[in-house]
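The data block below is target-v7.csv; it holds CSV, C-alpha atoms and all ligand atoms.
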chain,number,residue,atom,x,y,z
A,1,MET,CA,-9.3,39.0,-18.8
A,2,PRO,CA,-6.4,37.1,-17.1
A,3,ARG,CA,-5.8,33.6,-18.2
A,4,GLY,CA,-6.2,30.9,-15.5
A,5,THR,CA,-6.1,27.2,-15.1
A,6,ILE,CA,-6.9,24.6,-12.4
A,7,VAL,CA,-5.6,21.3,-11.4
A,8,ILE,CA,-8.2,18.8,-10.0
A,9,ASP,CA,-6.9,16.1,-7.7
A,10,ALA,CA,-8.9,13.3,-9.3
A,11,GLU,CA,-8.6,10.9,-6.4
A,12,ARG,CA,-10.2,13.5,-4.0
A,13,CYS,CA,-13.0,14.4,-6.4
A,14,LYS,CA,-16.4,12.9,-5.6
A,15,GLY,CA,-18.1,13.9,-8.8
A,16,CYS,CA,-20.6,16.1,-6.9
A,17,GLY,CA,-20.8,18.6,-9.9
A,18,LEU,CA,-20.8,21.7,-7.6
A,19,CYS,CA,-17.7,23.2,-9.3
A,20,ILE,CA,-19.3,22.7,-12.7
A,21,ALA,CA,-22.4,24.7,-11.6
A,22,ALA,CA,-20.3,27.4,-9.9
A,23,CYS,CA,-18.0,28.2,-12.8
A,24,PRO,CA,-19.2,31.4,-14.4
A,25,GLN,CA,-17.1,30.7,-17.6
A,26,ARG,CA,-18.6,27.2,-18.1
A,27,VAL,CA,-15.1,25.7,-18.2
A,28,LEU,CA,-15.9,22.4,-16.3
A,29,ALA,CA,-17.8,19.2,-17.1
A,30,PHE,CA,-17.9,15.6,-16.0
A,31,SER,CA,-15.0,13.7,-17.6
A,32,GLY,CA,-16.9,10.4,-17.9
A,33,SER,CA,-13.8,8.6,-16.4
A,34,LEU,CA,-14.1,7.1,-12.9
A,35,ASN,CA,-11.5,7.4,-10.1
A,36,ALA,CA,-10.5,4.6,-7.8
A,37,SER,CA,-13.6,5.3,-5.6
A,38,GLY,CA,-15.9,5.1,-8.6
A,39,TYR,CA,-16.7,8.8,-8.9
A,40,ASP,CA,-17.1,10.5,-12.3
A,41,VAL,CA,-14.4,13.1,-12.0
A,42,ALA,CA,-14.8,16.7,-13.1
A,43,ARG,CA,-12.3,18.2,-15.6
A,44,MET,CA,-11.7,21.3,-17.7
A,45,GLU,CA,-13.6,20.8,-20.9
A,46,ASN,CA,-13.1,24.3,-22.1
A,47,PRO,CA,-9.7,25.3,-20.6
A,48,GLU,CA,-9.1,28.4,-22.7
A,49,ALA,CA,-12.1,30.1,-21.1
A,50,CYS,CA,-10.7,29.9,-17.5
A,51,VAL,CA,-10.0,33.2,-15.9
A,52,GLY,CA,-8.6,31.8,-12.6
A,53,CYS,CA,-11.4,33.2,-10.5
A,54,ALA,CA,-11.3,30.2,-8.1
A,55,PHE,CA,-15.0,30.0,-7.7
A,56,CYS,CA,-14.8,26.2,-8.4
A,57,ALA,CA,-12.2,25.8,-5.6
A,58,LEU,CA,-14.2,27.8,-3.1
A,59,THR,CA,-17.2,25.6,-3.9
A,60,CYS,CA,-15.5,22.2,-3.9
A,61,PRO,CA,-16.4,20.4,-0.7
A,62,ASP,CA,-13.5,18.0,-1.0
A,63,VAL,CA,-10.8,20.7,-1.5
A,64,ALA,CA,-9.7,19.0,-4.6
A,65,ILE,CA,-8.9,22.0,-6.8
A,66,THR,CA,-5.8,24.2,-7.0
A,67,VAL,CA,-6.1,27.4,-9.0
A,68,TYR,CA,-3.4,29.3,-11.0
A,69,ARG,CA,-3.5,32.6,-12.7
A,70,GLU,CA,-1.1,34.0,-15.3
A,71,LYS,CA,1.4,36.5,-13.9
A,72,LYS,CA,0.5,40.1,-15.0
A,73,ASN,CA,3.8,40.9,-16.6
A,74,ALA,CA,4.6,37.4,-17.9
B,1,MET,CA,-2.6,22.6,-25.2
B,2,PRO,CA,-2.7,22.9,-21.4
B,3,VAL,CA,-1.1,26.0,-19.9
B,4,ASP,CA,2.2,25.7,-18.1
B,5,VAL,CA,1.4,26.2,-14.4
B,6,ALA,CA,5.1,26.7,-13.5
B,7,ARG,CA,4.9,30.1,-15.1
B,8,MET,CA,1.7,31.0,-13.3
B,9,THR,CA,0.8,32.3,-9.8
B,10,LYS,CA,-1.0,29.9,-7.4
B,11,VAL,CA,-4.1,31.7,-6.3
B,12,PHE,CA,-5.9,28.9,-4.4
B,13,GLU,CA,-4.6,25.8,-2.7
B,14,ARG,CA,-5.6,23.5,0.1
B,15,PRO,CA,-5.1,25.3,3.5
B,16,LYS,CA,-1.9,24.3,5.3
B,17,SER,CA,-3.9,23.6,8.4
B,18,LEU,CA,-5.8,20.7,6.7
B,19,THR,CA,-4.3,17.3,6.8
B,20,GLU,CA,-4.1,15.2,3.6
B,21,ALA,CA,-6.9,12.9,4.9
B,22,ARG,CA,-9.9,12.5,2.6
B,23,TYR,CA,-13.2,13.4,4.2
B,24,THR,CA,-15.8,10.7,5.0
B,25,TYR,CA,-18.6,13.1,3.9
B,26,CYS,CA,-21.0,12.3,1.0
B,27,PRO,CA,-20.5,13.9,-2.4
B,28,GLY,CA,-21.5,17.6,-2.3
B,29,CYS,CA,-22.0,17.8,1.5
B,30,HIS,CA,-21.2,21.3,2.9
B,31,HIS,CA,-19.4,19.8,5.9
B,32,GLY,CA,-16.4,19.8,3.6
B,33,VAL,CA,-16.7,23.4,2.6
B,34,ILE,CA,-17.0,24.4,6.3
B,35,THR,CA,-13.9,22.4,7.2
B,36,ARG,CA,-11.9,24.1,4.4
B,37,ILE,CA,-13.1,27.6,5.6
B,38,ILE,CA,-12.0,26.8,9.2
B,39,GLY,CA,-8.6,25.5,7.9
B,40,GLN,CA,-8.1,28.7,5.9
B,41,THR,CA,-9.0,30.8,9.0
B,42,ILE,CA,-6.5,29.0,11.2
B,43,ASP,CA,-3.9,29.6,8.4
B,44,GLU,CA,-4.7,33.3,8.1
B,45,LEU,CA,-4.7,33.9,11.8
B,46,GLY,CA,-1.5,31.9,12.3
B,47,ILE,CA,-2.9,30.0,15.3
B,48,ALA,CA,-2.5,26.3,14.3
B,49,GLU,CA,0.0,25.8,17.1
B,50,ARG,CA,-2.4,26.9,19.8
B,51,THR,CA,-5.8,25.8,18.4
B,52,VAL,CA,-7.9,23.0,19.8
B,53,GLY,CA,-10.9,21.7,17.9
B,54,ILE,CA,-13.8,19.9,19.6
B,55,ALA,CA,-15.4,17.3,17.3
B,56,PRO,CA,-19.0,16.3,18.0
B,57,VAL,CA,-21.0,13.2,17.4
B,58,GLY,CA,-22.6,13.2,13.9
B,59,CYS,CA,-21.3,13.0,10.4
B,60,SER,CA,-18.4,15.3,11.5
B,61,VAL,CA,-17.4,12.9,14.3
B,62,PHE,CA,-14.0,12.4,12.5
B,63,ALA,CA,-13.4,16.2,12.4
B,64,TYR,CA,-10.3,15.6,14.6
B,65,LEU,CA,-8.7,13.9,11.6
B,66,TRP,CA,-9.0,16.9,9.2
B,67,TYR,CA,-7.0,19.6,11.0
B,68,ARG,CA,-3.3,20.0,11.7
B,69,CYS,CA,-4.1,21.1,15.3
B,70,ASP,CA,-5.1,19.5,18.5
B,71,ALA,CA,-8.6,18.1,18.8
B,72,VAL,CA,-10.8,16.1,21.1
B,73,GLN,CA,-13.9,14.1,20.1
B,74,VAL,CA,-16.5,14.3,22.8
B,75,ALA,CA,-19.9,12.9,23.9
B,76,HIS,CA,-22.9,13.9,21.8
B,77,GLY,CA,-24.0,17.4,22.5
B,78,ARG,CA,-21.3,18.2,25.1
B,79,ALA,CA,-18.9,20.0,22.8
B,80,SER,CA,-19.6,23.5,24.2
B,81,ALA,CA,-19.1,22.2,27.7
B,82,VAL,CA,-15.7,20.6,26.8
B,83,ALA,CA,-14.7,23.7,25.0
B,84,THR,CA,-15.5,25.7,28.2
B,85,GLY,CA,-13.3,23.4,30.3
B,86,ILE,CA,-10.3,23.5,27.9
B,87,LYS,CA,-10.5,27.3,27.5
B,88,ARG,CA,-10.8,27.9,31.2
B,89,ALA,CA,-7.9,25.7,32.0
B,90,ARG,CA,-5.7,27.1,29.2
B,91,PRO,CA,-6.9,30.6,28.2
B,92,ASP,CA,-3.9,31.0,25.9
B,93,LEU,CA,-5.4,28.4,23.6
B,94,VAL,CA,-7.9,29.1,20.8
B,95,VAL,CA,-10.8,26.6,21.2
B,96,PHE,CA,-13.6,26.0,18.7
B,97,SER,CA,-16.4,23.5,18.8
B,98,TYR,CA,-17.9,22.1,15.6
B,99,GLN,CA,-21.5,20.9,16.1
B,100,GLY,CA,-24.4,19.6,14.0
B,101,ASP,CA,-28.0,20.8,14.7
B,102,GLY,CA,-28.8,17.5,16.4
B,103,ASP,CA,-25.7,17.9,18.6
B,104,PHE,CA,-25.9,21.6,19.3
B,105,ALA,CA,-29.7,22.3,19.4
B,106,SER,CA,-31.2,19.0,20.6
B,107,ILE,CA,-29.2,16.6,22.8
B,108,GLY,CA,-26.8,19.5,23.7
B,109,THR,CA,-29.4,22.1,24.4
B,110,ALA,CA,-28.4,22.7,28.0
B,111,GLU,CA,-24.7,22.8,27.4
B,112,SER,CA,-25.0,24.9,24.3
B,113,LEU,CA,-27.3,27.5,25.8
B,114,HIS,CA,-25.4,27.8,29.1
B,115,ALA,CA,-22.0,28.2,27.5
B,116,ALA,CA,-23.4,31.0,25.5
B,117,ASN,CA,-25.1,32.5,28.6
B,118,ARG,CA,-21.9,32.4,30.5
B,119,GLY,CA,-20.2,34.2,27.6
B,120,GLU,CA,-17.4,31.7,27.4
B,121,ASN,CA,-14.6,33.0,25.2
B,122,ILE,CA,-15.0,30.2,22.6
B,123,THR,CA,-15.9,30.0,18.9
B,124,VAL,CA,-18.9,27.7,18.1
B,125,ILE,CA,-19.5,26.5,14.5
B,126,PHE,CA,-23.1,25.3,14.4
B,127,VAL,CA,-23.9,23.2,11.2
B,128,ASN,CA,-27.6,23.3,10.6
B,129,ASN,CA,-28.6,20.8,7.9
B,130,GLN,CA,-32.1,20.3,9.3
B,131,ILE,CA,-31.6,16.6,9.8
B,132,TYR,CA,-29.7,13.8,11.7
B,133,GLY,CA,-27.3,12.9,8.9
B,134,MET,CA,-25.2,10.3,10.4
B,135,THR,CA,-27.9,8.0,11.8
B,136,GLY,CA,-30.0,7.9,8.7
B,137,GLY,CA,-31.9,11.1,8.2
B,138,GLU,CA,-34.2,11.3,11.2
B,139,MET,CA,-36.0,14.5,12.2
B,140,ALA,CA,-33.9,17.2,13.9
B,141,PRO,CA,-35.3,20.1,16.0
B,142,THR,CA,-34.5,22.2,12.9
B,143,THR,CA,-36.4,20.1,10.4
B,144,LEU,CA,-38.7,22.2,8.3
B,145,VAL,CA,-42.5,22.0,8.6
B,146,HIS,CA,-43.8,19.2,6.2
B,147,GLN,CA,-40.2,18.1,5.6
B,148,LYS,CA,-40.0,14.3,5.1
B,149,THR,CA,-37.5,12.4,7.2
B,150,THR,CA,-37.2,8.8,8.2
B,151,THR,CA,-39.0,9.6,11.4
B,152,THR,CA,-41.6,11.9,9.8
B,153,PRO,CA,-42.4,10.0,6.6
B,154,ASP,CA,-45.5,12.1,6.0
B,155,GLY,CA,-43.6,15.3,6.7
B,156,ARG,CA,-43.0,17.1,10.0
B,157,ASP,CA,-46.4,17.9,11.5
B,158,PRO,CA,-46.2,20.8,14.0
B,159,ALA,CA,-49.2,19.4,15.9
B,160,THR,CA,-47.2,16.5,17.1
B,161,CYS,CA,-43.5,17.5,16.4
B,162,GLY,CA,-43.5,21.3,17.0
B,163,TYR,CA,-41.9,23.8,14.7
B,164,PRO,CA,-38.2,24.2,13.6
B,165,ILE,CA,-36.3,25.8,16.4
B,166,ARG,CA,-34.3,28.9,15.7
B,167,PHE,CA,-31.6,28.3,18.2
B,168,SER,CA,-29.4,31.2,17.2
B,169,GLU,CA,-32.3,33.6,17.8
B,170,ILE,CA,-32.7,32.2,21.3
B,171,ILE,CA,-29.0,32.7,22.0
B,172,ALA,CA,-29.2,36.2,20.6
B,173,THR,CA,-31.6,37.1,23.4
B,174,LEU,CA,-28.8,36.5,26.0
B,175,ASP,CA,-26.7,39.4,27.2
B,176,ALA,CA,-23.3,37.7,27.0
B,177,PRO,CA,-22.7,36.6,23.4
B,178,VAL,CA,-20.6,39.1,21.4
B,179,TYR,CA,-21.3,37.7,17.9
B,180,VAL,CA,-24.2,35.5,16.6
B,181,THR,CA,-24.7,35.2,12.9
B,182,ARG,CA,-26.3,32.9,10.4
B,183,GLN,CA,-24.5,32.2,7.1
B,184,ALA,CA,-25.0,29.8,4.1
B,185,LEU,CA,-22.9,28.3,1.4
B,186,TYR,CA,-25.2,27.9,-1.6
B,187,ASP,CA,-23.2,30.1,-3.9
B,188,THR,CA,-19.7,31.8,-4.0
B,189,ARG,CA,-21.0,35.1,-2.6
B,190,ARG,CA,-22.4,33.3,0.4
B,191,ILE,CA,-19.2,31.2,0.8
B,192,GLN,CA,-17.2,34.4,0.9
B,193,ASP,CA,-19.5,36.0,3.4
B,194,CYS,CA,-19.4,32.9,5.6
B,195,THR,CA,-15.6,32.9,5.4
B,196,LYS,CA,-15.5,36.4,6.8
B,197,ALA,CA,-18.0,35.5,9.6
B,198,VAL,CA,-15.9,32.5,10.6
B,199,LYS,CA,-12.7,34.6,10.7
B,200,LYS,CA,-14.4,37.2,12.8
B,201,ALA,CA,-15.7,34.5,15.2
B,202,PHE,CA,-12.1,33.3,15.7
B,203,GLN,CA,-10.6,36.8,15.9
B,204,ASN,CA,-13.1,37.7,18.6
B,205,GLN,CA,-11.7,34.9,20.7
B,206,VAL,CA,-8.1,35.8,20.0
B,207,ASP,CA,-8.9,39.4,21.1
B,208,GLY,CA,-10.5,38.1,24.3
B,209,LYS,CA,-14.0,39.4,23.4
B,210,GLY,CA,-16.1,36.4,24.3
B,211,TYR,CA,-18.6,34.0,22.9
B,212,SER,CA,-19.1,33.9,19.1
B,213,LEU,CA,-21.5,31.6,17.3
B,214,VAL,CA,-21.6,31.0,13.5
B,215,GLU,CA,-24.6,29.1,12.4
B,216,ILE,CA,-24.2,27.7,8.9
B,217,LEU,CA,-27.1,26.5,6.8
B,218,SER,CA,-25.6,23.3,5.4
B,219,THR,CA,-26.8,20.6,3.1
B,220,CYS,CA,-27.4,16.9,3.4
B,221,PRO,CA,-28.0,15.8,-0.3
B,222,THR,CA,-28.0,12.1,0.8
B,223,ASN,CA,-30.8,12.3,3.4
B,224,TRP,CA,-32.7,15.1,1.6
B,225,ARG,CA,-32.7,12.9,-1.4
B,226,MET,CA,-31.5,15.7,-3.7
B,227,SER,CA,-28.6,16.2,-6.0
B,228,PRO,CA,-25.9,18.5,-4.6
B,229,THR,CA,-27.0,21.3,-6.9
B,230,GLN,CA,-30.7,20.8,-6.0
B,231,ALA,CA,-29.7,20.9,-2.3
B,232,ASN,CA,-28.0,24.3,-2.9
B,233,GLU,CA,-31.1,25.6,-4.6
B,234,HIS,CA,-33.2,24.3,-1.7
B,235,VAL,CA,-31.2,26.2,0.8
B,236,ALA,CA,-31.3,29.4,-1.3
B,237,ASN,CA,-35.1,29.2,-2.0
B,238,VAL,CA,-36.7,27.4,0.9
B,239,VAL,CA,-34.4,27.0,4.0
B,240,THR,CA,-33.5,30.7,4.2
B,241,GLN,CA,-37.2,31.6,4.4
B,242,VAL,CA,-37.3,29.8,7.7
B,243,PHE,CA,-33.8,30.6,8.8
B,244,PRO,CA,-33.0,34.1,7.6
B,245,LEU,CA,-29.3,35.0,7.0
B,246,GLY,CA,-27.4,37.7,8.7
B,247,ASP,CA,-26.0,39.0,12.0
B,248,LEU,CA,-28.2,38.6,15.0
B,249,VAL,CA,-25.7,40.0,17.5
B,250,ASP,CA,-22.5,42.0,16.9
B,251,ARG,CA,-21.1,43.6,20.0
B,252,GLY,CA,-17.5,43.3,18.7
C,301,LIG,C1,-25.6,10.0,23.6
C,301,LIG,C2,-25.9,9.6,22.2
C,301,LIG,N1,-27.2,9.6,21.8
C,301,LIG,C3,-27.5,9.4,20.5
C,301,LIG,C4,-26.5,9.0,19.6
C,301,LIG,C5,-26.8,8.7,18.2
C,301,LIG,N2,-26.5,9.8,17.2
C,301,LIG,C6,-25.4,9.8,16.5
C,301,LIG,S1,-25.2,11.0,15.5
C,301,LIG,C7,-26.8,11.6,15.9
C,301,LIG,C8,-27.4,12.9,15.3
C,301,LIG,C9,-26.4,13.7,14.5
C,301,LIG,O1,-27.1,14.8,13.9
C,301,LIG,P1,-26.4,16.2,13.8
C,301,LIG,O2,-25.8,16.6,15.1
C,301,LIG,O3,-27.4,17.1,13.2
C,301,LIG,O4,-25.2,16.0,12.8
C,301,LIG,P2,-25.1,15.5,11.2
C,301,LIG,O5,-24.8,14.0,11.3
C,301,LIG,O6,-26.4,15.8,10.6
C,301,LIG,O7,-24.0,16.3,10.7
C,301,LIG,C10,-27.3,10.8,16.9
C,301,LIG,C11,-28.7,11.0,17.5
C,301,LIG,C12,-25.1,9.0,20.1
C,301,LIG,N3,-24.1,8.7,19.3
C,301,LIG,N4,-24.9,9.3,21.4
C,302,LIG,S1,-16.6,20.3,-6.6
C,302,LIG,FE1,-14.8,19.1,-6.1
C,302,LIG,S2,-15.6,17.0,-5.6
C,302,LIG,FE2,-17.3,18.1,-6.7
C,302,LIG,S3,-17.0,17.6,-8.9
C,302,LIG,FE3,-15.9,19.5,-8.6
C,302,LIG,S4,-13.7,18.8,-8.1
C,302,LIG,FE4,-15.1,17.0,-7.9
C,303,LIG,S1,-25.3,12.0,5.5
C,303,LIG,FE1,-25.7,14.2,5.0
C,303,LIG,S2,-24.6,15.4,6.5
C,303,LIG,FE2,-23.7,13.3,6.6
C,303,LIG,S3,-22.0,13.3,5.2
C,303,LIG,FE3,-23.7,12.6,4.0
C,303,LIG,S4,-24.5,14.5,3.1
C,303,LIG,FE4,-23.2,15.1,4.7
Will you turn the file into structure tokens for me?
Amino acid sequence: MPRGTIVIDAERCKGCGLCIAACPQRVLAFSGSLNASGYDVARMENPEACVGCAFCALTCPDVAITVYREKKNA
Amino acid sequence: MPVDVARMTKVFERPKSLTEARYTYCPGCHHGVITRIIGQTIDELGIAERTVGIAPVGCSVFAYLWYRCDAVQVAHGRASAVATGIKRARPDLVVFSYQGDGDFASIGTAESLHAANRGENITVIFVNNQIYGMTGGEMAPTTLVHQKTTTTPDGRDPATCGYPIRFSEIIATLDAPVYVTRQALYDTRRIQDCTKAVKKAFQNQVDGKGYSLVEILSTCPTNWRMSPTQANEHVANVVTQVFPLGDLVDRG
């Protein structure tokens, strides 16, 4: 399995939870910390399980997620 | 320890054709996913310099703010008519309209149907969330039987309010449209299918083929009074029973 990671733009996140539900690896959870708009921002709770599939980013209505994957021969 | 992203490959980022503006949509609303898919399509086809979007009236009234391309915001329901005018005046441009179900299938019935019947070479994105979102959750022509809205507090009664209208099926009876399809966004598989459909609807126009319509079953968690995840399940289990997914016309 390739190793992946994501970066969530906390100020764009509206805490809808759709990425948390979409992640097949159960990487994401609510952080419990609020952004300037008062939303409970999603974060990686289980980052080592991320495979960089980008399901979370495809699902995010606020286009808050950038996805990275480990280079094959790195 | 977080991984070092500098040594990794970026596999997903915000489409270049989207501005940095934050959407005015509620948490979990599919309008945002559809906007991202359109931005990605404009990127992939390399048409940002010659694309014009038509923003409707409804929750997506500010759609002209989201894209790095030209856009016009028009009177309620008239988006397909304005798209017709721009496309006929400037056939070199790529013109898409973005319309809610209230906009497209209620107040805009005449303009929507006749643009399709004339086979205008435009791309129409029809966002069916079965409700008037912006004005406070009133019944739309697409509202499901027994669905509670602010104007049908006891649920839509077909005896007085009729049945949900399948506008794409009506358009599919016409001879001119080249592509009519209904898509959804309740899981990643559906999001990927919808992305392909939107790209095809734009490509048809670029290739001069004619009228393409992508109806997208969207959510309105706020006015449905559901969480975003419940709203997704509702589309998957209930809405698709009334509005089946798939291609209705493909003469591409
Ligand atoms: C001519 C005119 N009539 C009525 C309205 C009020 N109005 C604003 S938005 C809307 C309905 C929007 O519903 P829909 O098109 O389904 O989009 P949504 O907000 O659900 O995305 C109505 C009736 C208006 N702005 N202009
Ligand atoms: S899908 Fe996007 S907006 Fe929703 S919780 Fe995840 S990062 Fe936040
Ligand atoms: S009212 Fe409904 S359609 Fe409008 S932005 Fe909110 S969730 Fe989306």
Sorted by chain and rising residue number, which residues of chain A lie within 6 Å of chain B, and what are their closest atom pairs and distances in Å to one decimal, counting only C-alpha atoms, as a tab-separated table?
residue	atom	partner	partner_atom	distance
A:Lys14	CA	B:Pro27	CA	5.3
A:Cys16	CA	B:Gly28	CA	4.9
A:Pro61	CA	B:Gly32	CA	4.3
A:Asp62	CA	B:Gly32	CA	5.7
A:Thr66	CA	B:Glu13	CA	4.7
A:Val67	CA	B:Phe12	CA	4.8
A:Tyr68	CA	B:Lys10	CA	4.4
A:Arg69	CA	B:Thr9	CA	5.2
A:Glu70	CA	B:Met8	CA	4.6
A:Lys71	CA	B:Met8	CA	5.5
List as a list in words the protein and nucleic acid residues lying within 6 Å of ligand LIG 301 (chain C), with all atoms listed in the file counted.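 With all atoms listed in the file and a cut-off of 6 Å, ligand LIG 301 (chain C) is contacted by Val57, Gly58, Cys59, Ser60, His76, Gly100, Asp101, Gly102, Asp103, Ile131, Tyr132, Gly133, Met134 and Thr135 of chain B.
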Leaving out B:Asp154 and any residue of its chain fewer than 6 positions from it, which residues lie within 12 Å of it when counting only C-alpha atoms, given as number ranges by chain? B: 139, 145-148, 161
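With distances restricted to only C-alpha atoms and all ligand atoms, A:Cys60 is the closest residue to ligand LIG 302 (chain C) from A:Ala22, A:Cys50, A:Ile6, A:Cys60.
You can rank B:Thr240, B:Asn223, B:Gln203, B:Thr143 by their closest distance to B:Gln130 using all atoms listed in the file, and at the top of that list sits B:Thr143.
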Could you pull the residues within 10 Å of stretch 77-89 of chain B, counting all atoms listed in the file, minus those fewer than 2 positions along the same chain, as number ranges by chain? B: 52-58, 72-75, 91-116, 118-124
Using only C-alpha atoms: which of A:Val51, A:Ile20, A:Val63, A:Cys13 has the shortest distance to A:Ser33: A:Cys13
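Distance check against B:Ile125 using only C-alpha atoms: of B:Cys194, B:Leu213, B:Ala176, B:Ile47, the minimum falls on B:Leu213.
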Identify which of the residues B:Ala48, B:Leu144, B:Val61, B:Val214 lies closest to ligand LIG 303 (chain C), counting only C-alpha atoms and all ligand atoms when measuring atom-to-atom distances.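 The closest residue to ligand LIG 303 (chain C) is B:Val61.
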Which residue gives the smallest distance to ligand LIG 303 (chain C) among B:Cys69, B:Ala236, B:Val127, B:Leu174, with all atoms listed in the file counted?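 Among the listed residues, the smallest separation from ligand LIG 303 (chain C) belongs to B:Val127.
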Work out how far apart atom CA of B:Val198 and atom CA of A:Cys53 are and give it in Å to one decimal.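 That distance, rounded to one decimal, is 21.6 Å.
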List as an NGL selection string the protein and nucleic acid residues near B:Ser218, meaning an atom at most 6 Å away when all atoms listed in the file are counted, but skip any in the same chain fewer than 2 places from it. :B and (30 or 128-129 or 216)
Atom completion result for stretch 126-141 of chain B (N, CA, C and O atoms) as an mmCIF file, in the coordinates of the input:
data_model
loop_
_atom_site.group_PDB
_atom_site.id
_atom_site.type_symbol
_atom_site.label_atom_id
_atom_site.label_comp_id
_atom_site.auth_asym_id
_atom_site.auth_seq_id
_atom_site.Cartn_x
_atom_site.Cartn_y
_atom_site.Cartn_z
ATOM 1 N N PHE B 126 -21.861 26.030 14.229
ATOM 2 C CA PHE B 126 -23.100 25.300 14.400
ATOM 3 C C PHE B 126 -23.631 24.956 12.957
ATOM 4 O O PHE B 126 -24.037 25.851 12.223
ATOM 5 N N VAL B 127 -23.572 23.676 12.605
ATOM 6 C CA VAL B 127 -23.900 23.200 11.200
ATOM 7 C C VAL B 127 -25.317 22.766 11.155
ATOM 8 O O VAL B 127 -25.647 21.664 11.600
ATOM 9 N N ASN B 128 -26.170 23.606 10.590
ATOM 10 C CA ASN B 128 -27.600 23.300 10.600
ATOM 11 C C ASN B 128 -28.000 22.763 9.188
ATOM 12 O O ASN B 128 -28.183 23.502 8.224
ATOM 13 N N ASN B 129 -28.143 21.426 9.141
ATOM 14 C CA ASN B 129 -28.600 20.800 7.900
ATOM 15 C C ASN B 129 -30.016 20.226 8.026
ATOM 16 O O ASN B 129 -30.461 19.435 7.199
ATOM 17 N N GLN B 130 -30.701 20.617 9.094
ATOM 18 C CA GLN B 130 -32.100 20.300 9.300
ATOM 19 C C GLN B 130 -32.401 18.782 9.376
ATOM 20 O O GLN B 130 -33.531 18.331 9.112
ATOM 21 N N ILE B 131 -31.369 18.006 9.776
ATOM 22 C CA ILE B 131 -31.600 16.600 9.800
ATOM 23 C C ILE B 131 -30.492 15.893 10.666
ATOM 24 O O ILE B 131 -29.455 16.499 10.928
ATOM 25 N N TYR B 132 -30.763 14.674 11.126
ATOM 26 C CA TYR B 132 -29.700 13.800 11.700
ATOM 27 C C TYR B 132 -29.069 13.075 10.572
ATOM 28 O O TYR B 132 -29.613 12.073 10.121
ATOM 29 N N GLY B 133 -27.939 13.553 10.088
ATOM 30 C CA GLY B 133 -27.300 12.900 8.900
ATOM 31 C C GLY B 133 -26.776 11.557 9.199
ATOM 32 O O GLY B 133 -27.124 10.573 8.552
ATOM 33 N N MET B 134 -25.928 11.469 10.214
ATOM 34 C CA MET B 134 -25.200 10.300 10.400
ATOM 35 C C MET B 134 -26.004 9.009 10.685
ATOM 36 O O MET B 134 -25.685 7.917 10.220
ATOM 37 N N THR B 135 -27.100 9.179 11.415
ATOM 38 C CA THR B 135 -27.900 8.000 11.800
ATOM 39 C C THR B 135 -28.938 7.589 10.845
ATOM 40 O O THR B 135 -29.676 6.641 11.095
ATOM 41 N N GLY B 136 -29.061 8.311 9.740
ATOM 42 C CA GLY B 136 -30.000 7.900 8.700
ATOM 43 C C GLY B 136 -31.111 8.793 8.363
ATOM 44 O O GLY B 136 -32.147 8.349 7.855
ATOM 45 N N GLY B 137 -30.934 10.075 8.674
ATOM 46 C CA GLY B 137 -31.900 11.100 8.200
ATOM 47 C C GLY B 137 -33.165 11.185 9.019
ATOM 48 O O GLY B 137 -34.256 11.376 8.482
ATOM 49 N N GLU B 138 -33.033 11.100 10.358
ATOM 50 C CA GLU B 138 -34.200 11.300 11.200
ATOM 51 C C GLU B 138 -34.473 12.814 11.375
ATOM 52 O O GLU B 138 -33.635 13.653 11.082
ATOM 53 N N MET B 139 -35.663 13.132 11.924
ATOM 54 C CA MET B 139 -36.000 14.500 12.200
ATOM 55 C C MET B 139 -35.090 15.145 13.194
ATOM 56 O O MET B 139 -34.750 14.532 14.200
ATOM 57 N N ALA B 140 -34.694 16.369 12.934
ATOM 58 C CA ALA B 140 -33.900 17.200 13.900
ATOM 59 C C ALA B 140 -34.823 18.270 14.418
ATOM 60 O O ALA B 140 -35.905 18.504 13.865
ATOM 61 N N PRO B 141 -34.414 18.967 15.473
ATOM 62 C CA PRO B 141 -35.300 20.100 16.000
ATOM 63 C C PRO B 141 -35.440 21.159 14.900
ATOM 64 O O PRO B 141 -36.415 21.896 14.939
#
